>>> print(open('final_35.pdb').read())   # PDB, C-alpha atoms, pLDDT in the B column
MODEL        1
ATOM      1  CA  MET A1486       1.437  26.687  -2.105  1.00 74.00           C
ATOM      2  CA  LYS A1487       2.743  25.327  -5.393  1.00 88.00           C
ATOM      3  CA  ALA A1488       5.369  22.683  -6.052  1.00 86.00           C
ATOM      4  CA  THR A1489       8.250  23.712  -8.268  1.00 87.00           C
ATOM      5  CA  ARG A1490       9.079  21.839 -11.451  1.00 84.00           C
ATOM      6  CA  PHE A1491      12.032  20.353  -9.554  1.00 90.00           C
ATOM      7  CA  GLU A1492       9.720  18.959  -6.871  1.00 93.00           C
ATOM      8  CA  PHE A1493       7.384  17.546  -9.499  1.00 90.00           C
ATOM      9  CA  ARG A1494      10.210  15.946 -11.458  1.00 89.00           C
ATOM     10  CA  PHE A1495      11.693  14.305  -8.364  1.00 92.00           C
ATOM     11  CA  ARG A1496       8.393  13.629  -6.591  1.00 92.00           C
ATOM     12  CA  VAL A1497       9.040   9.880  -6.365  1.00 90.00           C
ATOM     13  CA  ALA A1498      12.413  10.428  -4.683  1.00 93.00           C
ATOM     14  CA  ILE A1499      10.858  12.893  -2.229  1.00 96.00           C
ATOM     15  CA  ILE A1500       8.030  10.476  -1.410  1.00 95.00           C
ATOM     16  CA  CYS A1501      10.540   7.630  -0.935  1.00 94.00           C
ATOM     17  CA  THR A1502      12.467   9.828   1.500  1.00 96.00           C
ATOM     18  CA  LEU A1503       9.305  10.556   3.479  1.00 97.00           C
ATOM     19  CA  TYR A1504       8.544   6.831   3.667  1.00 96.00           C
ATOM     20  CA  PHE A1505      12.077   6.035   4.828  1.00 95.00           C
ATOM     21  CA  VAL A1506      12.103   8.669   7.557  1.00 96.00           C
ATOM     22  CA  GLY A1507       8.584   7.694   8.647  1.00 96.00           C
ATOM     23  CA  PHE A1508       9.435   4.021   9.039  1.00 95.00           C
ATOM     24  CA  TYR A1509      12.906   4.489  10.486  1.00 92.00           C
ATOM     25  CA  ALA A1510      12.184   7.522  12.728  1.00 92.00           C
ATOM     26  CA  PRO A1511      15.917   8.125  13.341  1.00 90.00           C
ATOM     27  CA  TRP A1512      15.303  10.429  16.320  1.00 89.00           C
ATOM     28  CA  GLU A1513      13.743   7.431  18.128  1.00 84.00           C
ATOM     29  CA  ARG A1514      16.726   5.165  17.525  1.00 76.00           C
ATOM     30  CA  LEU A1515      19.654   7.518  18.085  1.00 77.00           C
ATOM     31  CA  GLY A1516      20.917   9.349  21.129  1.00 65.00           C
ATOM     32  CA  ALA A1517      20.990   8.651  24.849  1.00 55.00           C
ATOM     33  CA  ARG A1518      17.385   7.487  24.997  1.00 72.00           C
ATOM     34  CA  ALA A1519      17.478   5.349  21.872  1.00 73.00           C
ATOM     35  CA  ASN A1520      14.572   2.934  21.505  1.00 75.00           C
ATOM     36  CA  PRO A1521      15.263   0.158  18.959  1.00 75.00           C
ATOM     37  CA  ASN A1522      11.571  -0.784  18.873  1.00 81.00           C
ATOM     38  CA  PRO A1523       9.486   2.365  19.263  1.00 86.00           C
ATOM     39  CA  PRO A1524       5.698   1.877  19.562  1.00 90.00           C
ATOM     40  CA  ARG A1525       3.753   1.971  16.318  1.00 95.00           C
ATOM     41  CA  LEU A1526       0.860   4.247  15.494  1.00 97.00           C
ATOM     42  CA  TRP A1527      -1.370   1.141  15.298  1.00 97.00           C
ATOM     43  CA  SER A1528      -0.938   0.481  19.018  1.00 95.00           C
ATOM     44  CA  TRP A1529      -1.073   4.146  20.008  1.00 96.00           C
ATOM     45  CA  LEU A1530      -4.408   4.711  18.254  1.00 97.00           C
ATOM     46  CA  ALA A1531      -5.876   1.547  19.775  1.00 96.00           C
ATOM     47  CA  ILE A1532      -4.744   2.514  23.278  1.00 95.00           C
ATOM     48  CA  MET A1533      -6.136   6.040  22.865  1.00 95.00           C
ATOM     49  CA  GLY A1534      -9.417   4.545  21.661  1.00 94.00           C
ATOM     50  CA  ALA A1535      -9.593   2.215  24.652  1.00 94.00           C
ATOM     51  CA  ARG A1536      -8.937   5.096  27.039  1.00 93.00           C
ATOM     52  CA  THR A1537     -12.241   6.666  25.998  1.00 91.00           C
ATOM     53  CA  ASN A1538     -13.939   3.722  27.772  1.00 91.00           C
ATOM     54  CA  LEU A1539     -16.162   3.299  24.734  1.00 90.00           C
ATOM     55  CA  LEU A1540     -14.184   0.326  23.416  1.00 92.00           C
ATOM     56  CA  SER A1541     -12.177  -2.488  24.910  1.00 94.00           C
ATOM     57  CA  VAL A1542      -8.533  -2.699  23.849  1.00 93.00           C
ATOM     58  CA  GLY A1543      -9.362  -5.589  21.527  1.00 94.00           C
ATOM     59  CA  ASN A1544     -12.232  -3.745  19.889  1.00 96.00           C
ATOM     60  CA  ALA A1545     -10.125  -0.599  19.603  1.00 96.00           C
ATOM     61  CA  TYR A1546      -7.449  -2.563  17.729  1.00 96.00           C
ATOM     62  CA  LEU A1547     -10.172  -3.974  15.487  1.00 97.00           C
ATOM     63  CA  ALA A1548     -11.597  -0.517  14.791  1.00 97.00           C
ATOM     64  CA  VAL A1549      -8.180   0.868  13.833  1.00 97.00           C
ATOM     65  CA  THR A1550      -7.546  -2.152  11.628  1.00 98.00           C
ATOM     66  CA  ILE A1551     -10.899  -1.856   9.854  1.00 98.00           C
ATOM     67  CA  GLY A1552     -10.248   1.842   9.251  1.00 98.00           C
ATOM     68  CA  ALA A1553      -6.782   1.178   7.820  1.00 98.00           C
ATOM     69  CA  VAL A1554      -8.029  -1.625   5.560  1.00 98.00           C
ATOM     70  CA  ALA A1555     -10.855   0.594   4.296  1.00 98.00           C
ATOM     71  CA  LEU A1556      -8.432   3.448   3.555  1.00 98.00           C
ATOM     72  CA  ALA A1557      -6.043   1.089   1.739  1.00 98.00           C
ATOM     73  CA  ILE A1558      -8.849  -0.299  -0.425  1.00 98.00           C
ATOM     74  CA  LEU A1559     -10.323   3.122  -1.231  1.00 98.00           C
ATOM     75  CA  GLY A1560      -6.904   4.583  -1.985  1.00 98.00           C
ATOM     76  CA  ALA A1561      -6.050   1.687  -4.307  1.00 98.00           C
ATOM     77  CA  TRP A1562      -9.401   1.984  -6.093  1.00 97.00           C
ATOM     78  CA  LEU A1563      -8.982   5.719  -6.721  1.00 97.00           C
ATOM     79  CA  ARG A1564      -5.460   5.179  -8.043  1.00 95.00           C
ATOM     80  CA  LEU A1565      -6.533   2.285 -10.249  1.00 95.00           C
ATOM     81  CA  TRP A1566      -9.634   4.087 -11.548  1.00 94.00           C
ATOM     82  CA  GLY A1567      -7.839   7.373 -12.166  1.00 92.00           C
ATOM     83  CA  THR A1568      -4.855   5.823 -13.944  1.00 92.00           C
ATOM     84  CA  ALA A1569      -7.178   3.741 -16.135  1.00 92.00           C
ATOM     85  CA  TYR A1570      -8.447   6.993 -17.651  1.00 88.00           C
ATOM     86  CA  LEU A1571      -5.322   9.123 -17.310  1.00 83.00           C
ATOM     87  CA  GLY A1572      -2.946   6.593 -18.857  1.00 77.00           C
ATOM     88  CA  HIS A1573       0.088   5.234 -17.071  1.00 71.00           C
ATOM     89  CA  PHE A1574       2.611   7.009 -19.310  1.00 66.00           C
ATOM     90  CA  VAL A1575       1.155  10.397 -18.405  1.00 61.00           C
ATOM     91  CA  MET A1576       0.924   9.516 -14.731  1.00 61.00           C
ATOM     92  CA  ARG A1577       4.618   8.521 -14.664  1.00 63.00           C
ATOM     93  CA  ASN A1578       5.954  11.392 -16.784  1.00 61.00           C
ATOM     94  CA  PRO A1579       8.646  13.352 -14.909  1.00 56.00           C
ATOM     95  CA  ALA A1580       7.425  16.654 -16.362  1.00 56.00           C
ATOM     96  CA  MET A1581       4.046  18.355 -16.091  1.00 58.00           C
ATOM     97  CA  GLN A1582       1.942  17.787 -19.198  1.00 54.00           C
ATOM     98  CA  ALA A1583      -1.098  19.551 -20.637  1.00 53.00           C
ATOM     99  CA  GLY A1584      -3.201  18.012 -23.383  1.00 60.00           C
ATOM    100  CA  SER A1585      -6.963  18.237 -22.951  1.00 65.00           C
ATOM    101  CA  VAL A1586      -9.421  18.270 -20.075  1.00 72.00           C
ATOM    102  CA  MET A1587     -10.615  14.838 -18.972  1.00 69.00           C
ATOM    103  CA  ALA A1588     -14.255  14.460 -17.904  1.00 72.00           C
ATOM    104  CA  SER A1589     -14.596  10.703 -17.508  1.00 82.00           C
ATOM    105  CA  GLY A1590     -14.274   8.222 -14.672  1.00 88.00           C
ATOM    106  CA  PRO A1591     -13.282   9.773 -11.340  1.00 91.00           C
ATOM    107  CA  TYR A1592     -12.404  13.060 -13.059  1.00 91.00           C
ATOM    108  CA  ARG A1593     -16.109  13.844 -13.315  1.00 90.00           C
ATOM    109  CA  HIS A1594     -16.314  13.848  -9.507  1.00 92.00           C
ATOM    110  CA  MET A1595     -12.970  15.282  -8.377  1.00 93.00           C
ATOM    111  CA  ARG A1596     -10.015  16.886 -10.099  1.00 92.00           C
ATOM    112  CA  ASN A1597      -7.277  15.008  -8.234  1.00 94.00           C
ATOM    113  CA  PRO A1598      -8.257  11.366  -7.635  1.00 95.00           C
ATOM    114  CA  LEU A1599      -4.669  10.115  -7.940  1.00 95.00           C
ATOM    115  CA  TYR A1600      -3.378  12.464  -5.274  1.00 96.00           C
ATOM    116  CA  VAL A1601      -6.324  11.676  -3.001  1.00 97.00           C
ATOM    117  CA  GLY A1602      -5.709   7.962  -3.518  1.00 97.00           C
ATOM    118  CA  MET A1603      -2.038   8.434  -2.658  1.00 97.00           C
ATOM    119  CA  LEU A1604      -2.956  10.222   0.563  1.00 97.00           C
ATOM    120  CA  LEU A1605      -5.484   7.568   1.607  1.00 98.00           C
ATOM    121  CA  ASN A1606      -2.869   4.875   1.047  1.00 97.00           C
ATOM    122  CA  SER A1607      -0.413   6.912   3.131  1.00 97.00           C
ATOM    123  CA  PHE A1608      -2.899   7.162   6.002  1.00 98.00           C
ATOM    124  CA  ALA A1609      -3.363   3.379   5.951  1.00 98.00           C
ATOM    125  CA  VAL A1610       0.351   2.549   5.816  1.00 98.00           C
ATOM    126  CA  SER A1611       1.197   5.065   8.558  1.00 98.00           C
ATOM    127  CA  ILE A1612      -0.238   2.764  11.250  1.00 98.00           C
ATOM    128  CA  LEU A1613       2.800   0.519  10.672  1.00 97.00           C
ATOM    129  CA  MET A1614       5.254   3.314  11.480  1.00 97.00           C
ATOM    130  CA  PRO A1615       6.550   4.436  14.882  1.00 95.00           C
ATOM    131  CA  THR A1616       4.130   7.004  16.261  1.00 96.00           C
ATOM    132  CA  THR A1617       6.437  10.006  15.868  1.00 95.00           C
ATOM    133  CA  GLY A1618       7.625   8.773  12.484  1.00 96.00           C
ATOM    134  CA  ALA A1619       4.017   8.454  11.354  1.00 97.00           C
ATOM    135  CA  LEU A1620       3.313  12.018  12.458  1.00 97.00           C
ATOM    136  CA  PHE A1621       6.295  13.299  10.468  1.00 97.00           C
ATOM    137  CA  PHE A1622       5.296  11.186   7.475  1.00 98.00           C
ATOM    138  CA  LEU A1623       1.641  12.255   7.438  1.00 98.00           C
ATOM    139  CA  VAL A1624       2.423  15.954   7.827  1.00 98.00           C
ATOM    140  CA  GLY A1625       5.101  15.714   5.147  1.00 97.00           C
ATOM    141  CA  MET A1626       2.953  13.704   2.720  1.00 98.00           C
ATOM    142  CA  THR A1627      -0.065  15.963   3.166  1.00 97.00           C
ATOM    143  CA  ALA A1628       1.958  19.152   2.671  1.00 97.00           C
ATOM    144  CA  PHE A1629       3.822  17.740  -0.330  1.00 97.00           C
ATOM    145  CA  THR A1630       0.626  16.452  -1.940  1.00 97.00           C
ATOM    146  CA  LEU A1631      -1.031  19.849  -1.577  1.00 96.00           C
ATOM    147  CA  ARG A1632       2.034  21.454  -3.135  1.00 96.00           C
ATOM    148  CA  LEU A1633       1.880  19.018  -6.066  1.00 95.00           C
ATOM    149  CA  ILE A1634      -1.809  19.758  -6.573  1.00 94.00           C
ATOM    150  CA  GLY A1635      -1.211  23.501  -6.442  1.00 94.00           C
ATOM    151  CA  GLY A1636       1.695  23.355  -8.863  1.00 91.00           C
ATOM    152  CA  GLU A1637      -0.008  21.081 -11.362  1.00 89.00           C
ATOM    153  CA  GLU A1638      -3.302  22.960 -11.338  1.00 90.00           C
ATOM    154  CA  ALA A1639      -1.532  26.298 -11.864  1.00 90.00           C
ATOM    155  CA  PHE A1640       0.328  24.765 -14.812  1.00 87.00           C
ATOM    156  CA  LEU A1641      -2.865  23.345 -16.335  1.00 86.00           C
ATOM    157  CA  ALA A1642      -4.700  26.631 -15.864  1.00 88.00           C
ATOM    158  CA  GLY A1643      -1.942  28.433 -17.738  1.00 87.00           C
ATOM    159  CA  GLU A1644      -1.783  25.879 -20.546  1.00 84.00           C
ATOM    160  CA  LEU A1645      -5.467  25.057 -21.066  1.00 83.00           C
ATOM    161  CA  GLY A1646      -7.018  28.434 -20.285  1.00 86.00           C
ATOM    162  CA  GLN A1647     -10.800  28.729 -20.333  1.00 87.00           C
ATOM    163  CA  ASP A1648     -11.432  24.999 -20.789  1.00 85.00           C
ATOM    164  CA  TYR A1649      -9.657  24.206 -17.544  1.00 86.00           C
ATOM    165  CA  ALA A1650     -11.232  27.177 -15.766  1.00 89.00           C
ATOM    166  CA  GLU A1651     -14.697  25.829 -16.620  1.00 88.00           C
ATOM    167  CA  TYR A1652     -13.688  22.338 -15.527  1.00 87.00           C
ATOM    168  CA  ARG A1653     -12.277  23.716 -12.293  1.00 90.00           C
ATOM    169  CA  ASN A1654     -15.523  25.565 -11.562  1.00 90.00           C
ATOM    170  CA  ALA A1655     -17.590  22.436 -12.172  1.00 90.00           C
ATOM    171  CA  VAL A1656     -15.531  19.784 -10.348  1.00 92.00           C
ATOM    172  CA  PRO A1657     -14.156  19.955  -6.755  1.00 93.00           C
ATOM    173  CA  SER A1658     -10.474  19.416  -6.118  1.00 91.00           C
ATOM    174  CA  ILE A1659     -10.205  16.677  -3.485  1.00 92.00           C
ATOM    175  CA  VAL A1660     -13.638  16.249  -1.874  1.00 92.00           C
ATOM    176  CA  PRO A1661     -15.687  14.310  -4.447  1.00 90.00           C
ATOM    177  CA  SER A1662     -19.123  15.331  -5.594  1.00 89.00           C
ATOM    178  CA  LEU A1663     -21.554  12.417  -5.659  1.00 85.00           C
ATOM    179  CA  ARG A1664     -23.363  13.798  -8.697  1.00 85.00           C
ATOM    180  CA  SER A1665     -21.259  15.063 -11.565  1.00 83.00           C
ATOM    181  CA  ARG A1666     -22.136  18.296 -13.315  1.00 80.00           C
ATOM    182  CA  LEU A1667     -20.304  17.194 -16.457  1.00 80.00           C
ATOM    183  CA  ALA A1668     -21.320  14.878 -19.258  1.00 77.00           C
ATOM    184  CA  ALA A1669     -18.988  11.940 -19.693  1.00 73.00           C
ATOM    185  CA  SER A1670     -16.435  12.107 -22.482  1.00 73.00           C
ATOM    186  CA  THR A1671     -15.718   9.257 -24.886  1.00 75.00           C
ATOM    187  CA  ALA A1672     -12.496   8.214 -23.110  1.00 78.00           C
ATOM    188  CA  LYS A1673     -12.253   4.497 -22.363  1.00 85.00           C
ATOM    189  CA  PRO A1674     -10.503   3.021 -19.311  1.00 89.00           C
ATOM    190  CA  ARG A1675      -7.407   0.854 -19.777  1.00 90.00           C
ATOM    191  CA  TRP A1676      -7.645  -1.407 -16.774  1.00 92.00           C
ATOM    192  CA  ALA A1677      -4.778  -3.792 -17.571  1.00 89.00           C
ATOM    193  CA  GLN A1678      -2.301  -0.937 -18.004  1.00 88.00           C
ATOM    194  CA  SER A1679      -3.610   0.711 -14.846  1.00 91.00           C
ATOM    195  CA  LEU A1680      -3.210  -2.455 -12.780  1.00 91.00           C
ATOM    196  CA  PHE A1681       0.380  -2.792 -13.972  1.00 88.00           C
ATOM    197  CA  ALA A1682       1.128   0.861 -13.192  1.00 89.00           C
ATOM    198  CA  GLU A1683      -0.526   0.819  -9.758  1.00 94.00           C
ATOM    199  CA  ILE A1684       1.173  -2.279  -8.359  1.00 94.00           C
ATOM    200  CA  TYR A1685       2.052  -0.584  -5.092  1.00 95.00           C
ATOM    201  CA  PRO A1686      -1.338   0.707  -3.880  1.00 96.00           C
ATOM    202  CA  VAL A1687      -3.160  -2.373  -5.150  1.00 97.00           C
ATOM    203  CA  GLY A1688      -0.572  -4.686  -3.621  1.00 97.00           C
ATOM    204  CA  ALA A1689      -0.621  -2.772  -0.345  1.00 97.00           C
ATOM    205  CA  ALA A1690      -4.410  -3.060  -0.208  1.00 98.00           C
ATOM    206  CA  VAL A1691      -4.165  -6.819  -0.785  1.00 97.00           C
ATOM    207  CA  CYS A1692      -1.573  -7.063   2.002  1.00 97.00           C
ATOM    208  CA  PHE A1693      -3.861  -5.205   4.414  1.00 98.00           C
ATOM    209  CA  VAL A1694      -6.913  -7.290   3.499  1.00 98.00           C
ATOM    210  CA  ALA A1695      -5.010 -10.568   3.848  1.00 97.00           C
ATOM    211  CA  LEU A1696      -2.710  -9.887   6.806  1.00 97.00           C
ATOM    212  CA  ALA A1697      -3.963  -7.003   8.967  1.00 97.00           C
ATOM    213  CA  TRP A1698      -6.305  -9.235  10.968  1.00 96.00           C
ATOM    214  CA  GLY A1699      -3.322 -11.139  12.376  1.00 95.00           C
ATOM    215  CA  TYR A1700      -2.037  -7.906  13.991  1.00 94.00           C
ATOM    216  CA  ASP A1701       1.504  -8.830  12.932  1.00 95.00           C
ATOM    217  CA  ALA A1702       2.862  -5.383  12.117  1.00 95.00           C
ATOM    218  CA  ASP A1703       6.309  -6.674  11.132  1.00 95.00           C
ATOM    219  CA  LEU A1704       4.902  -9.113   8.568  1.00 97.00           C
ATOM    220  CA  LEU A1705       2.502  -6.535   7.159  1.00 97.00           C
ATOM    221  CA  THR A1706       5.302  -3.951   6.950  1.00 96.00           C
ATOM    222  CA  ARG A1707       7.512  -6.350   4.995  1.00 96.00           C
ATOM    223  CA  CYS A1708       4.654  -7.140   2.625  1.00 97.00           C
ATOM    224  CA  VAL A1709       3.913  -3.452   1.978  1.00 96.00           C
ATOM    225  CA  LEU A1710       7.582  -2.590   1.482  1.00 92.00           C
ATOM    226  CA  VAL A1711       7.991  -5.448  -1.003  1.00 95.00           C
ATOM    227  CA  CYS A1712       5.076  -4.025  -3.012  1.00 95.00           C
ATOM    228  CA  PHE A1713       6.668  -0.579  -2.856  1.00 91.00           C
ATOM    229  CA  GLY A1714      10.015  -1.951  -4.045  1.00 91.00           C
ATOM    230  CA  VAL A1715       8.424  -3.883  -6.908  1.00 92.00           C
ATOM    231  CA  SER A1716       6.580  -0.746  -8.002  1.00 90.00           C
ATOM    232  CA  LEU A1717       9.867   1.190  -8.143  1.00 86.00           C
ATOM    233  CA  VAL A1718      11.409  -1.517 -10.327  1.00 88.00           C
ATOM    234  CA  VAL A1719       8.395  -1.439 -12.639  1.00 85.00           C
ATOM    235  CA  ARG A1720       8.557   2.352 -12.783  1.00 78.00           C
ATOM    236  CA  ALA A1721      12.233   2.213 -13.751  1.00 79.00           C
ATOM    237  CA  LEU A1722      11.447  -0.214 -16.579  1.00 79.00           C
ATOM    238  CA  ILE A1723       8.752   2.025 -18.054  1.00 70.00           C
ATOM    239  CA  SER A1724      10.036   5.021 -20.005  1.00 57.00           C
ATOM    240  CA  PRO A1725       7.218   7.445 -20.754  1.00 56.00           C
ATOM    241  CA  PRO A1726       7.202   9.006 -24.220  1.00 49.00           C
ATOM    242  CA  THR A1727       8.211  12.659 -24.355  1.00 45.00           C
ATOM    243  CA  ASP A1728       5.090  13.631 -26.276  1.00 42.00           C
ATOM    244  CA  ALA A1729       2.550  12.074 -23.895  1.00 41.00           C
ATOM    245  CA  ALA A1730      -0.607  14.161 -23.574  1.00 39.00           C
ATOM    246  CA  ALA A1731      -1.778  14.926 -20.077  1.00 42.00           C
ATOM    247  CA  ILE A1732      -5.015  15.562 -18.316  1.00 40.00           C
ATOM    248  CA  PRO A1733      -5.795  16.595 -14.742  1.00 41.00           C
ATOM    249  CA  SER A1734      -4.617  14.073 -12.146  1.00 36.00           C
TER     250      SER A1734
ENDMDL
END
>>> encode(input="final_35.pdb", output="structure tokens")
Amino acid sequence: MKATRFEFRFRVAIICTLYFVGFYAPWERLGARANPNPPRLWSWLAIMGARTNLLSVGNAYLAVTIGAVALAILGAWLRLWGTAYLGHFVMRNPAMQAGSVMASGPYRHMRNPLYVGMLLNSFAVSILMPTTGALFFLVGMTAFTLRLIGGEEAFLAGELGQDYAEYRNAVPSIVPSLRSRLAASTAKPRWAQSLFAEIYPVGAAVCFVALAWGYDADLLTRCVLVCFGVSLVVRALISPPTDAAAIPS
């Protein structure tokens, strides 16, 4: 289950397409039974929670909201932390890169913190989508992320050989180990660059923290989409060097 070089190169466009389809859910809005305002996953999860009779509807909404806010914060932190060590030019490079194995920051605990952070952010944002659109989006994002991981790790294994094999044996892929088996390297985090590069997940987390408690899905959706749009503009303005060295992401 490995992404092709084409998929990796155009990963941003593919992810944008998944977001668009998830939010728009065209099958809900077209045809004889078109629904211009299909129910969102936020409401569906809260209603399902209330039907267990363990929570009132209000408390079920609160539980879903707390979960989404927590996922948004954790996803943003993993992205910010990982990019601080990886370097934003490497993270944004359209081609797979292989330099040396990184054993600092989150890379001492999991091999793919950026992909895990992306997935956690996706889970949080999905509550703003129509229920069926969210299902499509989550299945698509999960499958595509696993393909990216498979493709990149196969590339790194081929390029870095025994060094990466030893790293792979010592560090889990997506489920973090609380205690690292590796000594930290001398790499230093670049927090300012990371914050600039990770505008979208950090901005989305801020939107959730500030606005989710008002249960205004339309306002929160607009805020998240503005962050996503700004991040695309920033990405377009940054041209990664062709000789950037890469490490596991």
>>> resolve_selection(input="final_35.pdb", expression="the PyMOL selection byres ((chain A and resi 1628-1633) around 7)", output="JSON, numbers by chain")
{"A": [1486, 1487, 1488, 1493, 1600, 1624, 1625, 1626, 1627, 1634, 1635, 1636, 1637]}
>>> resolve_selection(input="final_35.pdb", expression="the PyMOL selection byres ((chain A and resi 1677) around 12)", output="VMD selection string")
chain A and resid 1565 to 1566 1568 to 1570 1572 to 1573 1674 to 1676 1678 to 1684
>>> atom_distance(input="final_35.pdb", atom1="atom CA of A:Leu1623", atom2="atom CA of A:Val1506")
11.1 Å
>>> closest_residue(input="final_35.pdb", among="A:Lys1673, A:Arg1564, A:Arg1596, A:Arg1707", to="A:Ile1659", atoms="only C-alpha atoms")
A:Arg1596
>>> resolve_selection(input="final_35.pdb", expression="the PyMOL selection byres ((chain A and resi 1522) around 12)", output="list in words")
Phe1508, Tyr1509, Ala1510, Pro1511, Glu1513, Arg1514, Leu1515, Arg1518, Ala1519, Asn1520, Pro1521, Pro1523, Pro1524, Arg1525, Met1614, Pro1615, Thr1616, Ala1702 and Asp1703 of chain A
>>> atom_distance(input="final_35.pdb", atom1="atom CA of A:Ala1619", atom2="atom CA of A:Tyr1504")
9.1 Å
>>> decode(input="final_35.pdb", residues="stretch 1505-1526 of chain A", atoms="N, CA and C atoms", output="PDB file, in the first residue's frame")
ATOM      1  N   PHE A1505     -12.706  19.308  -0.288  1.00  0.00           N
ATOM      2  CA  PHE A1505     -13.826  19.888  -1.035  1.00  0.00           C
ATOM      3  C   PHE A1505     -15.007  18.928  -1.079  1.00  0.00           C
ATOM      4  N   VAL A1506     -14.739  17.682  -1.446  1.00  0.00           N
ATOM      5  CA  VAL A1506     -15.822  16.704  -1.547  1.00  0.00           C
ATOM      6  C   VAL A1506     -16.449  16.459  -0.174  1.00  0.00           C
ATOM      7  N   GLY A1507     -15.607  16.406   0.877  1.00  0.00           N
ATOM      8  CA  GLY A1507     -16.132  16.194   2.217  1.00  0.00           C
ATOM      9  C   GLY A1507     -17.067  17.304   2.660  1.00  0.00           C
ATOM     10  N   PHE A1508     -16.689  18.544   2.422  1.00  0.00           N
ATOM     11  CA  PHE A1508     -17.526  19.663   2.841  1.00  0.00           C
ATOM     12  C   PHE A1508     -18.753  19.835   1.950  1.00  0.00           C
ATOM     13  N   TYR A1509     -18.585  19.619   0.651  1.00  0.00           N
ATOM     14  CA  TYR A1509     -19.698  19.868  -0.257  1.00  0.00           C
ATOM     15  C   TYR A1509     -20.654  18.686  -0.340  1.00  0.00           C
ATOM     16  N   ALA A1510     -20.131  17.464  -0.225  1.00  0.00           N
ATOM     17  CA  ALA A1510     -20.952  16.239  -0.315  1.00  0.00           C
ATOM     18  C   ALA A1510     -21.953  16.349  -1.460  1.00  0.00           C
ATOM     19  N   PRO A1511     -21.485  16.370  -2.710  1.00  0.00           N
ATOM     20  CA  PRO A1511     -22.380  16.647  -3.845  1.00  0.00           C
ATOM     21  C   PRO A1511     -23.552  15.693  -3.958  1.00  0.00           C
ATOM     22  N   TRP A1512     -23.414  14.453  -3.537  1.00  0.00           N
ATOM     23  CA  TRP A1512     -24.515  13.493  -3.609  1.00  0.00           C
ATOM     24  C   TRP A1512     -25.678  13.885  -2.704  1.00  0.00           C
ATOM     25  N   GLU A1513     -25.392  14.726  -1.670  1.00  0.00           N
ATOM     26  CA  GLU A1513     -26.457  15.198  -0.780  1.00  0.00           C
ATOM     27  C   GLU A1513     -27.233  16.356  -1.408  1.00  0.00           C
ATOM     28  N   ARG A1514     -26.602  17.089  -2.301  1.00  0.00           N
ATOM     29  CA  ARG A1514     -27.171  18.337  -2.790  1.00  0.00           C
ATOM     30  C   ARG A1514     -27.743  18.225  -4.199  1.00  0.00           C
ATOM     31  N   LEU A1515     -27.498  17.100  -4.859  1.00  0.00           N
ATOM     32  CA  LEU A1515     -27.955  16.931  -6.230  1.00  0.00           C
ATOM     33  C   LEU A1515     -28.975  15.801  -6.308  1.00  0.00           C
ATOM     34  N   GLY A1516     -29.783  15.827  -7.323  1.00  0.00           N
ATOM     35  CA  GLY A1516     -30.748  14.758  -7.529  1.00  0.00           C
ATOM     36  C   GLY A1516     -32.120  15.087  -6.985  1.00  0.00           C
ATOM     37  N   ALA A1517     -33.014  14.103  -7.069  1.00  0.00           N
ATOM     38  CA  ALA A1517     -34.415  14.312  -6.701  1.00  0.00           C
ATOM     39  C   ALA A1517     -34.593  14.594  -5.220  1.00  0.00           C
ATOM     40  N   ARG A1518     -33.726  14.041  -4.394  1.00  0.00           N
ATOM     41  CA  ARG A1518     -33.858  14.225  -2.952  1.00  0.00           C
ATOM     42  C   ARG A1518     -32.784  15.166  -2.412  1.00  0.00           C
ATOM     43  N   ALA A1519     -32.470  16.185  -3.176  1.00  0.00           N
ATOM     44  CA  ALA A1519     -31.414  17.113  -2.797  1.00  0.00           C
ATOM     45  C   ALA A1519     -31.723  17.786  -1.461  1.00  0.00           C
ATOM     46  N   ASN A1520     -30.710  17.864  -0.620  1.00  0.00           N
ATOM     47  CA  ASN A1520     -30.831  18.524   0.678  1.00  0.00           C
ATOM     48  C   ASN A1520     -29.781  19.631   0.742  1.00  0.00           C
ATOM     49  N   PRO A1521     -30.208  20.906   0.642  1.00  0.00           N
ATOM     50  CA  PRO A1521     -29.226  22.002   0.618  1.00  0.00           C
ATOM     51  C   PRO A1521     -28.480  22.164   1.935  1.00  0.00           C
ATOM     52  N   ASN A1522     -29.026  21.639   3.023  1.00  0.00           N
ATOM     53  CA  ASN A1522     -28.378  21.756   4.326  1.00  0.00           C
ATOM     54  C   ASN A1522     -28.351  20.396   5.032  1.00  0.00           C
ATOM     55  N   PRO A1523     -27.548  19.483   4.535  1.00  0.00           N
ATOM     56  CA  PRO A1523     -27.509  18.154   5.156  1.00  0.00           C
ATOM     57  C   PRO A1523     -26.951  18.227   6.570  1.00  0.00           C
ATOM     58  N   PRO A1524     -27.384  17.335   7.467  1.00  0.00           N
ATOM     59  CA  PRO A1524     -26.898  17.356   8.853  1.00  0.00           C
ATOM     60  C   PRO A1524     -25.398  17.104   8.933  1.00  0.00           C
ATOM     61  N   ARG A1525     -24.768  17.763   9.880  1.00  0.00           N
ATOM     62  CA  ARG A1525     -23.318  17.637  10.041  1.00  0.00           C
ATOM     63  C   ARG A1525     -22.980  16.491  10.988  1.00  0.00           C
ATOM     64  N   LEU A1526     -21.752  16.027  10.865  1.00  0.00           N
ATOM     65  CA  LEU A1526     -21.285  14.940  11.720  1.00  0.00           C
ATOM     66  C   LEU A1526     -21.348  15.342  13.189  1.00  0.00           C
TER      67      LEU A1526
END
